[in-house]
>>> print(open('protein-v9.cif').read())   # mmCIF, C-alpha atoms
data_upload
loop_
_atom_site.label_atom_id
_atom_site.label_comp_id
_atom_site.auth_asym_id
_atom_site.auth_seq_id
_atom_site.Cartn_x
_atom_site.Cartn_y
_atom_site.Cartn_z
CA MET T 30 -35.81 -71.13 1.10
CA VAL T 31 -36.73 -74.49 2.49
CA LEU T 32 -36.04 -77.64 0.46
CA LYS T 33 -38.35 -80.42 1.44
CA MET T 34 -38.03 -84.03 0.36
CA VAL T 35 -36.30 -83.25 -2.92
CA GLN T 36 -35.28 -86.20 -5.05
CA ALA T 37 -33.59 -86.70 -8.40
CA SER T 38 -33.82 -89.47 -10.96
CA GLY T 39 -30.33 -90.64 -9.95
CA THR T 40 -27.41 -89.77 -7.73
CA THR T 41 -26.05 -86.41 -8.78
CA THR T 42 -25.24 -82.91 -7.55
CA LEU T 43 -27.69 -80.10 -6.92
CA ARG T 44 -26.55 -76.61 -7.89
CA MET T 45 -28.12 -73.18 -7.70
CA ARG T 46 -27.75 -70.23 -10.06
CA LEU T 47 -28.90 -66.63 -9.55
CA ASN T 48 -30.29 -64.35 -12.24
CA GLY T 49 -29.32 -66.93 -14.86
CA ASP T 50 -25.78 -65.64 -14.47
CA THR T 51 -23.38 -68.19 -15.97
CA GLY T 52 -20.24 -66.22 -15.13
CA ALA T 53 -17.56 -67.59 -12.79
CA ASN T 54 -19.10 -65.66 -9.90
CA TYR T 55 -20.01 -68.36 -7.37
CA ASN T 56 -17.89 -69.48 -4.45
CA THR T 57 -18.97 -72.24 -2.10
CA ASN T 58 -17.21 -73.85 0.85
CA ILE T 59 -18.83 -76.82 2.53
CA VAL T 60 -18.17 -78.77 5.68
CA GLN T 61 -19.95 -82.06 5.43
CA SER T 62 -20.36 -85.41 7.02
CA SER T 63 -20.91 -88.68 5.25
CA GLY T 64 -21.78 -91.38 7.69
CA THR T 65 -19.18 -90.96 10.42
CA ILE T 66 -16.61 -89.23 8.22
CA ALA T 67 -16.28 -85.43 8.11
CA ASN T 68 -14.61 -83.56 5.29
CA GLY T 69 -14.66 -80.39 3.27
CA ARG T 70 -15.59 -79.42 -0.23
CA SER T 71 -15.00 -76.25 -2.22
CA SER T 72 -16.29 -74.84 -5.45
CA ILE T 73 -14.49 -71.61 -6.29
CA ASN T 74 -15.02 -69.28 -9.26
CA ALA T 75 -17.74 -71.63 -10.44
CA THR T 76 -20.69 -70.88 -12.69
CA SER T 77 -23.21 -71.91 -10.02
CA PHE T 78 -23.36 -72.66 -6.30
CA LEU T 79 -22.64 -76.25 -5.35
CA VAL T 80 -25.50 -77.04 -2.94
CA ASP T 81 -25.19 -80.71 -2.09
CA ASP T 82 -25.42 -84.21 -3.45
CA ILE T 83 -28.84 -85.61 -4.14
CA SER T 84 -30.17 -88.99 -5.12
CA THR T 85 -33.23 -91.02 -5.75
CA GLY T 86 -34.75 -92.94 -2.89
CA SER T 87 -37.96 -94.57 -1.87
CA THR T 88 -37.82 -93.53 1.78
CA VAL T 89 -38.28 -90.16 3.45
CA ARG T 90 -34.77 -90.26 4.89
CA ALA T 91 -33.27 -90.68 1.42
CA THR T 92 -34.46 -87.25 0.27
CA LEU T 93 -32.61 -83.94 0.32
CA ASN T 94 -33.89 -81.52 2.92
CA GLY T 95 -32.57 -78.24 4.18
CA ALA T 96 -32.70 -74.48 4.37
CA ILE T 97 -30.91 -71.97 2.14
CA ASN T 98 -30.51 -68.34 3.14
CA LEU T 99 -29.67 -65.53 0.74
CA TYR T 100 -28.90 -62.22 2.41
CA ARG T 101 -29.42 -58.69 1.09
CA VAL T 102 -30.60 -59.88 -2.31
CA ASN T 103 -31.09 -56.33 -3.57
CA ASP T 104 -27.38 -55.60 -3.31
CA THR T 105 -25.55 -55.23 -6.59
CA ASN T 106 -22.24 -56.50 -5.29
CA GLU T 107 -21.30 -59.54 -3.21
CA ILE T 108 -24.33 -61.45 -1.94
CA VAL T 109 -23.83 -63.79 0.99
CA ALA T 110 -25.53 -67.16 1.23
CA ASP T 111 -25.47 -70.08 3.60
CA TRP T 112 -27.29 -73.33 3.91
CA THR T 113 -27.66 -76.49 5.90
CA THR T 114 -28.80 -79.62 4.13
CA ARG T 115 -29.21 -83.26 4.89
CA ASN T 116 -29.00 -85.76 2.13
CA ASP T 117 -28.41 -89.23 0.87
CA ASP T 118 -25.52 -89.34 -1.58
CA GLY T 119 -26.45 -92.82 -2.71
CA VAL T 120 -23.83 -94.41 -0.45
CA ASP T 121 -24.35 -92.87 2.94
CA TYR T 122 -26.41 -90.28 4.77
CA GLY T 123 -24.88 -86.98 5.67
CA THR T 124 -25.30 -83.33 6.38
CA ALA T 125 -23.67 -80.28 4.83
CA ARG T 126 -23.14 -76.78 6.11
CA ALA T 127 -22.11 -74.22 3.51
CA GLY T 128 -20.92 -70.64 3.41
CA ALA T 129 -21.06 -69.02 0.01
CA ILE T 130 -20.73 -65.75 -1.80
CA TYR T 131 -22.02 -64.61 -5.17
CA ASP T 132 -20.20 -61.82 -6.98
CA ALA T 133 -23.36 -60.09 -8.11
CA SER T 134 -23.72 -57.27 -10.60
CA ALA T 135 -27.47 -56.88 -10.17
CA ALA T 136 -30.11 -57.54 -7.54
CA VAL T 137 -31.34 -61.12 -7.42
CA THR T 138 -34.58 -61.58 -9.33
CA SER T 139 -34.45 -65.26 -10.17
CA ILE T 140 -33.17 -68.49 -8.66
CA THR T 141 -32.56 -71.61 -10.72
CA PHE T 142 -31.93 -75.10 -9.36
CA LEU T 143 -29.85 -77.36 -11.58
CA LEU T 144 -28.82 -81.00 -11.55
CA ASP T 145 -25.54 -82.25 -12.99
CA SER T 146 -27.50 -85.07 -14.59
CA GLY T 147 -31.01 -86.47 -14.69
CA THR T 148 -34.19 -84.76 -13.62
CA PHE T 149 -36.02 -83.80 -10.46
CA SER T 150 -38.47 -86.51 -9.48
CA ALA T 151 -40.02 -85.15 -6.29
CA GLY T 152 -39.86 -82.41 -3.72
CA THR T 153 -40.79 -78.83 -3.00
CA VAL T 154 -38.84 -75.60 -2.59
CA TYR T 155 -40.57 -73.03 -0.40
CA LEU T 156 -39.54 -69.42 -0.88
CA TYR T 157 -39.89 -66.99 2.01
CA GLY T 158 -39.14 -63.34 2.55
CA VAL T 159 -39.93 -62.14 -0.96
CA ASN T 160 -42.21 -59.13 -1.34
CA MET P 15 -34.90 -85.27 -29.86
CA THR P 16 -36.88 -83.37 -27.27
CA LYS P 17 -35.04 -81.03 -24.96
CA PRO P 18 -35.28 -81.23 -21.16
CA ILE P 19 -38.22 -79.57 -19.47
CA ILE P 20 -37.69 -76.57 -17.24
CA ARG P 21 -40.19 -75.21 -14.74
CA ILE P 22 -40.54 -71.48 -14.27
CA HIS P 23 -42.44 -70.37 -11.18
CA ASN P 24 -43.24 -66.65 -11.13
CA VAL P 25 -43.62 -65.84 -7.44
CA ASP P 26 -45.20 -62.47 -8.23
CA THR P 27 -48.11 -64.00 -10.14
CA ASN P 28 -47.79 -67.59 -8.86
CA GLU P 29 -47.86 -68.69 -12.49
CA ILE P 30 -46.05 -71.97 -13.19
CA ILE P 31 -44.87 -72.80 -16.69
CA ASP P 32 -43.36 -76.14 -17.69
CA ARG P 33 -41.77 -76.02 -21.12
CA GLU P 34 -38.90 -77.39 -23.17
CA MET P 35 -35.61 -75.54 -22.95
CA THR P 36 -34.93 -73.01 -25.63
CA ALA P 37 -31.91 -73.56 -27.86
CA GLU P 38 -29.92 -71.08 -25.77
CA GLU P 39 -30.93 -72.75 -22.50
CA PHE P 40 -30.11 -76.15 -23.92
CA ALA P 41 -26.67 -74.98 -25.02
CA GLN P 42 -25.99 -73.77 -21.46
CA TYR P 43 -27.37 -77.06 -20.11
CA GLU P 44 -24.85 -78.95 -22.20
CA LEU P 45 -22.02 -76.66 -21.06
CA ASP P 46 -23.05 -77.25 -17.44
CA ALA P 47 -23.15 -81.02 -17.98
CA ALA P 48 -19.68 -80.97 -19.54
CA ALA P 49 -18.30 -78.92 -16.64
CA ALA P 50 -19.89 -81.30 -14.14
CA ALA P 51 -18.42 -84.30 -15.94
CA ALA P 52 -14.98 -82.70 -15.92
CA GLU P 53 -15.29 -81.97 -12.19
CA ALA P 54 -16.38 -85.55 -11.51
CA ALA P 55 -13.44 -86.88 -13.53
CA ASP P 56 -11.05 -84.66 -11.56
CA ILE P 57 -12.46 -85.93 -8.26
CA ALA P 58 -12.19 -89.53 -9.47
CA ALA P 59 -8.58 -88.98 -10.56
CA LYS P 60 -7.66 -87.52 -7.17
CA LYS P 61 -9.36 -90.42 -5.40
CA ALA P 62 -7.47 -92.90 -7.58
CA ALA P 63 -4.17 -91.15 -6.76
CA LYS P 64 -5.03 -91.24 -3.05
CA ASP P 65 -5.96 -94.92 -3.24
CA ALA P 66 -2.67 -95.64 -5.01
CA VAL P 67 -0.71 -94.00 -2.20
CA LEU P 68 -2.71 -95.94 0.39
CA ALA P 69 -1.97 -99.15 -1.47
CA LYS P 70 1.75 -98.33 -1.47
CA LEU P 71 1.54 -97.79 2.28
CA GLY P 72 -0.47 -100.96 2.75
CA LEU P 73 -3.38 -99.07 4.32
CA THR P 74 -7.10 -99.31 3.72
CA ALA P 75 -9.32 -96.24 3.57
CA GLU P 76 -10.79 -97.30 6.92
CA GLU P 77 -7.34 -97.50 8.48
CA LEU P 78 -6.50 -94.05 7.15
CA ALA P 79 -9.75 -92.73 8.62
CA ALA P 80 -8.83 -94.25 11.96
CA LEU P 81 -5.42 -92.57 11.83
CA THR P 82 -6.84 -89.15 10.99
CA ALA P 83 -9.90 -89.27 13.26
#
>>> encode(input="protein-v9.cif", output="structure tokens")
Amino acid sequence: MVLKMVQASGTTTLRMRLNGDTGANYNTNIVQSSGTIANGRSSINATSFLVDDISTGSTVRATLNGAINLYRVNDTNEIVADWTTRNDDGVDYGTARAGAIYDASAAVTSITFLLDSGTFSAGTVYLYGVN
Amino acid sequence: MTKPIIRIHNVDTNEIIDREMTAEEFAQYELDAAAAAAEAADIAAKKAAKDAVLAKLGLTAEELAALTA
């Protein structure tokens, strides 16, 4: 998937859920930069993947952009994902690189993007590699 | 009160539906929001504890960053 110029109505966190599964089956580890500072972020046994922070912004550079890969989506056990995103967290600009795993019990047939608060205000998600 | 709108894009048919959340979806939405708020509160508490330690040491966040760079 490619996320292009995605914006929210306020500064918040973008998450992703597969198959509408709300179980504690999502594990995400992120290495990220914010301005000149690098740090890490983890979301373990969560009910969705933690993708990245997102905010509103009037300029192109203030949008969330990136690419998310899901591998072997027809597997019915652990499904591997990774992504690289670039964002504006409302304070600084940064990039995030994530490795993630979903403890699946069925092949992936749906993907849901969620915000911790507010609504999506702009942007497109392009989906590739689906028959 | 109206519920939030969700968009469903069926990539098999390319059909796009925008509709209000169902009661079940809205209940999950509220659970997600509560979990996110709890996570944010936990992060804020940890940051406050870190700031308190820095204050005890007489360091600013920038000085700590310089030390750990």
>>> atom_distance(input="protein-v9.cif", atom1="CA of Thr113 in chain T", atom2="CA of Asp81 in chain T")
9.4 Å
>>> resolve_selection(input="protein-v9.cif", expression="the PyMOL selection byres ((chain P and resi 38-44) around 10)", output="list in words")
Gly49, Thr51, Leu143, Leu144, Asp145 and Ser146 of chain T; Lys17, Pro18, Ile19, Ile20, Glu34, Met35, Thr36, Ala37, Leu45, Asp46, Ala47, Ala48, Ala49 and Ala50 of chain P
>>> residues_near_point(input="protein-v9.cif", point="(-25.8, -84.8, 5.5)", cutoff="9 Å", atoms="all atoms listed in the file", output="PyMOL selection string")
chain T and resi 61-64+81-82+93+113-118+121-126
>>> closest_atom_pairs(input="protein-v9.cif", of="chain T", to="chain P", cutoff="10 Å", atoms="only C-alpha atoms", output="JSON lines")
{"residue": "T:Thr41", "atom": "CA", "partner": "P:Ala50", "partner_atom": "CA", "distance": 9.6}
{"residue": "T:Thr42", "atom": "CA", "partner": "P:Ala50", "partner_atom": "CA", "distance": 8.6}
{"residue": "T:Gly49", "atom": "CA", "partner": "P:Glu39", "partner_atom": "CA", "distance": 9.7}
{"residue": "T:Thr51", "atom": "CA", "partner": "P:Gln42", "partner_atom": "CA", "distance": 8.3}
{"residue": "T:Thr65", "atom": "CA", "partner": "P:Ala79", "partner_atom": "CA", "distance": 9.8}
{"residue": "T:Ile66", "atom": "CA", "partner": "P:Ala79", "partner_atom": "CA", "distance": 7.7}
{"residue": "T:Ala67", "atom": "CA", "partner": "P:Ala83", "partner_atom": "CA", "distance": 9.1}
{"residue": "T:Ser72", "atom": "CA", "partner": "P:Glu53", "partner_atom": "CA", "distance": 9.9}
{"residue": "T:Ala75", "atom": "CA", "partner": "P:Ala49", "partner_atom": "CA", "distance": 9.6}
{"residue": "T:Thr76", "atom": "CA", "partner": "P:Asp46", "partner_atom": "CA", "distance": 8.3}
{"residue": "T:Ser77", "atom": "CA", "partner": "P:Asp46", "partner_atom": "CA", "distance": 9.1}
{"residue": "T:Ser139", "atom": "CA", "partner": "P:Asn24", "partner_atom": "CA", "distance": 9.0}
{"residue": "T:Ile140", "atom": "CA", "partner": "P:Ile22", "partner_atom": "CA", "distance": 9.7}
{"residue": "T:Thr141", "atom": "CA", "partner": "P:Ile22", "partner_atom": "CA", "distance": 8.7}
{"residue": "T:Phe142", "atom": "CA", "partner": "P:Arg21", "partner_atom": "CA", "distance": 9.9}
{"residue": "T:Leu143", "atom": "CA", "partner": "P:Tyr43", "partner_atom": "CA", "distance": 8.9}
{"residue": "T:Leu144", "atom": "CA", "partner": "P:Ala47", "partner_atom": "CA", "distance": 8.6}
{"residue": "T:Asp145", "atom": "CA", "partner": "P:Ala47", "partner_atom": "CA", "distance": 5.7}
{"residue": "T:Ser146", "atom": "CA", "partner": "P:Ala47", "partner_atom": "CA", "distance": 6.8}
{"residue": "T:Gly147", "atom": "CA", "partner": "P:Pro18", "partner_atom": "CA", "distance": 9.4}
{"residue": "T:Thr148", "atom": "CA", "partner": "P:Pro18", "partner_atom": "CA", "distance": 8.4}
{"residue": "T:Leu156", "atom": "CA", "partner": "P:Val25", "partner_atom": "CA", "distance": 8.5}
{"residue": "T:Val159", "atom": "CA", "partner": "P:Val25", "partner_atom": "CA", "distance": 8.3}
{"residue": "T:Asn160", "atom": "CA", "partner": "P:Asp26", "partner_atom": "CA", "distance": 8.2}
>>> atom_distance(input="protein-v9.cif", atom1="CA of Ala129 in chain T", atom2="CA of Val109 in chain T")
6.0 Å
>>> atom_distance(input="protein-v9.cif", atom1="CA of Ala58 in chain P", atom2="CA of Thr74 in chain P")
17.2 Å
>>> closest_residue(input="protein-v9.cif", among="T:Val60, T:Val89, T:Ile83, T:Ala53", to="Gly128 in chain T", atoms="all atoms listed in the file")
T:Val60
>>> residues_near_point(input="protein-v9.cif", point="(-29.8, -73.1, 5.9)", cutoff="8 Å", atoms="only C-alpha atoms", output="PDB file with C-alpha atoms, in the coordinates of the input")
ATOM      1  CA  MET T  30     -35.810 -71.130   1.100  1.00  0.00           C
ATOM      2  CA  VAL T  31     -36.730 -74.490   2.490  1.00  0.00           C
ATOM      3  CA  GLY T  95     -32.570 -78.240   4.180  1.00  0.00           C
ATOM      4  CA  ALA T  96     -32.700 -74.480   4.370  1.00  0.00           C
ATOM      5  CA  ILE T  97     -30.910 -71.970   2.140  1.00  0.00           C
ATOM      6  CA  ASN T  98     -30.510 -68.340   3.140  1.00  0.00           C
ATOM      7  CA  ASP T 111     -25.470 -70.080   3.600  1.00  0.00           C
ATOM      8  CA  TRP T 112     -27.290 -73.330   3.910  1.00  0.00           C
ATOM      9  CA  THR T 113     -27.660 -76.490   5.900  1.00  0.00           C
ATOM     10  CA  THR T 114     -28.800 -79.620   4.130  1.00  0.00           C
ATOM     11  CA  ARG T 126     -23.140 -76.780   6.110  1.00  0.00           C
TER      12      ARG T 126
END
>>> closest_residue(input="protein-v9.cif", among="T:Tyr100, T:Asn58, T:Asn106, T:Ser150", to="Leu79 in chain T", atoms="all atoms listed in the file")
T:Asn58
>>> build_atoms(input="protein-v9.cif", residues="range 102-113 of chain T", atoms="N, CA and C atoms", output="PDB file, in the coordinates of the input")
ATOM      1  N   VAL T 102     -30.536 -59.497  -0.898  1.00  0.00           N
ATOM      2  CA  VAL T 102     -30.600 -59.880  -2.310  1.00  0.00           C
ATOM      3  C   VAL T 102     -30.758 -58.691  -3.247  1.00  0.00           C
ATOM      4  N   ASN T 103     -31.005 -57.513  -2.695  1.00  0.00           N
ATOM      5  CA  ASN T 103     -31.090 -56.330  -3.570  1.00  0.00           C
ATOM      6  C   ASN T 103     -29.745 -55.650  -3.772  1.00  0.00           C
ATOM      7  N   ASP T 104     -28.720 -56.149  -3.097  1.00  0.00           N
ATOM      8  CA  ASP T 104     -27.380 -55.600  -3.310  1.00  0.00           C
ATOM      9  C   ASP T 104     -26.927 -55.888  -4.746  1.00  0.00           C
ATOM     10  N   THR T 105     -26.074 -55.021  -5.244  1.00  0.00           N
ATOM     11  CA  THR T 105     -25.550 -55.230  -6.590  1.00  0.00           C
ATOM     12  C   THR T 105     -24.059 -55.565  -6.567  1.00  0.00           C
ATOM     13  N   ASN T 106     -23.583 -55.939  -5.374  1.00  0.00           N
ATOM     14  CA  ASN T 106     -22.240 -56.500  -5.290  1.00  0.00           C
ATOM     15  C   ASN T 106     -22.345 -57.819  -4.519  1.00  0.00           C
ATOM     16  N   GLU T 107     -21.341 -58.202  -3.795  1.00  0.00           N
ATOM     17  CA  GLU T 107     -21.300 -59.540  -3.210  1.00  0.00           C
ATOM     18  C   GLU T 107     -22.556 -59.856  -2.381  1.00  0.00           C
ATOM     19  N   ILE T 108     -23.155 -60.995  -2.678  1.00  0.00           N
ATOM     20  CA  ILE T 108     -24.330 -61.450  -1.940  1.00  0.00           C
ATOM     21  C   ILE T 108     -23.952 -62.725  -1.178  1.00  0.00           C
ATOM     22  N   VAL T 109     -24.215 -62.693   0.104  1.00  0.00           N
ATOM     23  CA  VAL T 109     -23.830 -63.790   0.990  1.00  0.00           C
ATOM     24  C   VAL T 109     -24.958 -64.820   1.050  1.00  0.00           C
ATOM     25  N   ALA T 110     -24.556 -66.076   1.105  1.00  0.00           N
ATOM     26  CA  ALA T 110     -25.530 -67.160   1.230  1.00  0.00           C
ATOM     27  C   ALA T 110     -24.987 -68.204   2.189  1.00  0.00           C
ATOM     28  N   ASP T 111     -25.873 -68.901   2.831  1.00  0.00           N
ATOM     29  CA  ASP T 111     -25.470 -70.080   3.600  1.00  0.00           C
ATOM     30  C   ASP T 111     -26.612 -71.081   3.598  1.00  0.00           C
ATOM     31  N   TRP T 112     -26.254 -72.310   3.849  1.00  0.00           N
ATOM     32  CA  TRP T 112     -27.290 -73.330   3.910  1.00  0.00           C
ATOM     33  C   TRP T 112     -26.850 -74.542   4.717  1.00  0.00           C
ATOM     34  N   THR T 113     -27.844 -75.212   5.221  1.00  0.00           N
ATOM     35  CA  THR T 113     -27.660 -76.490   5.900  1.00  0.00           C
ATOM     36  C   THR T 113     -28.572 -77.492   5.225  1.00  0.00           C
TER      37      THR T 113
END
